[in-house]
Amino acid sequence: MIVIAVTFRFYGHLTDFLSSTLRHEVIEQHMAGHAAVKHAIEALGIPHTELGAILVNRQSVDFSYRLRDGDFVAVYPPEALSLLPAYQPLRPPTPLPVTFVADTHLGQLAVYLRLLGFDTLYRNDYVDHQLAHISATDGRVLLTRDRGLLKHKLVVHGYCVRESVPRQQLLSVLRRYQLAGAVHPWLRCTRCNGILHPVAKADILDRLEPKTQQYYAEFQQCDTCGQVYWEGSHFEQMQAFVRTILDSLG
């Protein structure tokens, strides 16, 4: 077996995926000859979905490039693309409008995304192959904290959520996909992702508590699960949450 030596340099947040001893360092790897650059990068722990551009000996390449002895590989995250004079896209553009599917550990993030109006599929019983298939078939961005899942060959668009606090997770997703201008609160059901529509009070009167019947006149209902919404005592807190998120995005 032919063994080759290849040198890697990673930039930006891609170093988060490397061990502490390898961050901000030039990394020399020995591997089988003609290995695909995609597989070599993922073997270092970085999912292909996190990559924006790959330059080999200062020439832009795609995932299929076969490494050769002595290659120098520079790897950039998506947010660094504006700094490169030219590069070969690694994947098709993210379909617009941006939609999501979240893994079973990101339930609160899914609720927050729905609250802001983003189409987000979530179930607590999705398994990995279902998530990969939904992402690929529907053109949804797969949100997960599982690096291994993002290495699945079916996944084209995905994001590794590194934060553990849901509010910070939300901000990182909105920044990654530049979605501040696409926020439309009160559009979706936070429970099931259905669309909300105004509903006459008389049509849902039997579902309301006496005080809700007395003090509120305007209601919305989910067209999928039938959940009813109104601007109750919690609404001001939700409005404040949305304002805080938008302020944080600048």
# chains A, B, ... in the order shown; residues from 1 in each chain; ligands from 1

call {"tool": "select_by_dssp", "arguments": {"residues": "region 55-244 of chain A", "states": "strand (DSSP E)", "output": "PyMOL selection string"}}
result
chain A and resi 55-56+59-61+72-76+100-102+120-122+141-144+158-160+196-199+219-222+228-229

call {"tool": "residues_around", "arguments": {"residues": "Asp146 (chain A)", "least_positions_apart": "5", "cutoff": "10 Å", "atoms": "only C-alpha atoms", "output": "mmCIF file with N, CA and C atoms, in the first residue's frame"}}
result
data_model
loop_
_atom_site.group_PDB
_atom_site.id
_atom_site.type_symbol
_atom_site.label_atom_id
_atom_site.label_comp_id
_atom_site.auth_asym_id
_atom_site.auth_seq_id
_atom_site.Cartn_x
_atom_site.Cartn_y
_atom_site.Cartn_z
ATOM 1 N N PRO A 47 -17.136 17.391 10.238
ATOM 2 C CA PRO A 47 -18.153 16.970 9.262
ATOM 3 C C PRO A 47 -18.079 17.798 7.984
ATOM 4 N N ASP A 103 -32.655 17.199 15.467
ATOM 5 C CA ASP A 103 -32.576 15.870 16.065
ATOM 6 C C ASP A 103 -33.259 15.844 17.435
ATOM 7 N N HIS A 105 -32.401 15.744 20.416
ATOM 8 C CA HIS A 105 -31.837 16.468 21.560
ATOM 9 C C HIS A 105 -32.040 17.979 21.469
ATOM 10 N N ASP A 128 -31.420 8.282 13.348
ATOM 11 C CA ASP A 128 -30.454 8.960 12.482
ATOM 12 C C ASP A 128 -30.765 8.826 10.994
ATOM 13 N N LYS A 151 -21.833 13.444 9.125
ATOM 14 C CA LYS A 151 -20.943 12.809 8.154
ATOM 15 C C LYS A 151 -21.684 11.829 7.247
ATOM 16 N N TYR A 159 -25.868 21.532 10.088
ATOM 17 C CA TYR A 159 -25.139 22.437 10.982
ATOM 18 C C TYR A 159 -24.931 21.748 12.323
ATOM 19 N N CYS A 160 -23.704 21.769 12.798
ATOM 20 C CA CYS A 160 -23.380 21.184 14.089
ATOM 21 C C CYS A 160 -23.581 22.238 15.171
ATOM 22 N N VAL A 161 -24.586 22.039 15.996
ATOM 23 C CA VAL A 161 -24.905 22.980 17.076
ATOM 24 C C VAL A 161 -23.975 22.685 18.245
ATOM 25 N N ARG A 162 -23.099 23.615 18.543
ATOM 26 C CA ARG A 162 -22.088 23.362 19.570
ATOM 27 C C ARG A 162 -22.493 23.869 20.949
#

call {"tool": "closest_residue", "arguments": {"among": "A:Ala53, A:Val228, A:His234, A:Val165", "to": "Ser82 (chain A)", "atoms": "only C-alpha atoms"}}
result
A:Ala53

call {"tool": "closest_residue", "arguments": {"among": "A:Arg9, A:Arg147, A:His152, A:Arg167", "to": "Gln108 (chain A)", "atoms": "only C-alpha atoms"}}
result
A:Arg167

call {"tool": "atom_distance", "arguments": {"atom1": "CA of Ser60 (chain A)", "atom2": "CA of Gln88 (chain A)"}}
result
5.5 Å

call {"tool": "select_by_dssp", "arguments": {"residues": "region 180-224 of chain A", "states": "helix (DSSP H, G or I)", "output": "ChimeraX atom specification"}}
result
/A:180-182,201-207,210-215

call {"tool": "residues_around", "arguments": {"residues": "His197 (chain A)", "least_positions_apart": "2", "cutoff": "10 Å", "atoms": "only C-alpha atoms", "output": "list in words"}}
result
Trp186, Leu187, Arg188, Cys189, Gly194, Ile195, Val199, Ala200, Phe219, Gln220, Gln221, Cys222, Asp223, Val228 and Tyr229 of chain A

call {"tool": "write_last_selection", "arguments": {"atoms": "N, CA and C atoms", "output": "compact mmCIF listing (two decimals), in the first residue's frame"}}
result
# COMPACT_ATOMS: atom_id res chain seq x y z
N TRP A 186 -45.20 34.41 15.43
CA TRP A 186 -46.64 34.16 15.53
C TRP A 186 -47.20 33.59 14.22
N LEU A 187 -46.36 32.95 13.44
CA LEU A 187 -46.79 32.37 12.17
C LEU A 187 -47.05 30.88 12.29
N ARG A 188 -46.28 30.20 13.18
CA ARG A 188 -46.33 28.74 13.25
C ARG A 188 -46.70 28.26 14.64
N CYS A 189 -47.26 27.09 14.67
CA CYS A 189 -47.58 26.41 15.93
C CYS A 189 -46.27 25.89 16.53
N GLY A 194 -47.38 23.52 12.45
CA GLY A 194 -48.43 23.91 11.52
C GLY A 194 -48.54 25.43 11.41
N ILE A 195 -49.31 25.89 10.43
CA ILE A 195 -49.52 27.32 10.20
C ILE A 195 -50.71 27.79 11.04
N VAL A 199 -59.12 32.64 13.99
CA VAL A 199 -60.31 31.82 14.16
C VAL A 199 -61.34 32.61 14.97
N ALA A 200 -62.59 32.49 14.60
CA ALA A 200 -63.65 33.19 15.32
C ALA A 200 -63.80 32.64 16.73
N PHE A 219 -58.18 35.30 18.48
CA PHE A 219 -57.55 33.99 18.63
C PHE A 219 -56.98 33.52 17.30
N GLN A 220 -55.97 32.64 17.40
CA GLN A 220 -55.44 31.94 16.23
C GLN A 220 -55.48 30.44 16.52
N GLN A 221 -55.60 29.67 15.43
CA GLN A 221 -55.65 28.22 15.59
C GLN A 221 -54.74 27.56 14.58
N CYS A 222 -54.06 26.50 15.02
CA CYS A 222 -53.18 25.74 14.14
C CYS A 222 -54.02 24.92 13.16
N ASP A 223 -53.63 24.99 11.88
CA ASP A 223 -54.40 24.26 10.87
C ASP A 223 -54.06 22.77 10.84
N VAL A 228 -55.04 26.21 20.01
CA VAL A 228 -55.55 27.58 19.99
C VAL A 228 -54.58 28.49 20.73
N TYR A 229 -54.35 29.68 20.15
CA TYR A 229 -53.43 30.66 20.72
C TYR A 229 -54.14 32.00 20.90

call {"tool": "residues_around", "arguments": {"residues": "His48 (chain A)", "least_positions_apart": "6", "cutoff": "12 Å", "atoms": "only C-alpha atoms", "output": "PyMOL selection string"}}
result
chain A and resi 14+17+37-42+54+62-64+75-78+90-91+147-160

call {"tool": "closest_residue", "arguments": {"among": "A:Pro185, A:Gly232, A:Gly226, A:Gly70", "to": "Gly33 (chain A)", "atoms": "only C-alpha atoms"}}
result
A:Gly70

call {"tool": "closest_residue", "arguments": {"among": "A:Tyr11, A:Asp247, A:Ala217, A:Asp71", "to": "Leu205 (chain A)", "atoms": "only C-alpha atoms"}}
result
A:Ala217

call {"tool": "closest_residue", "arguments": {"among": "A:Leu67, A:Leu171, A:Ala74, A:Ile2", "to": "Tyr112 (chain A)", "atoms": "only C-alpha atoms"}}
result
A:Leu171
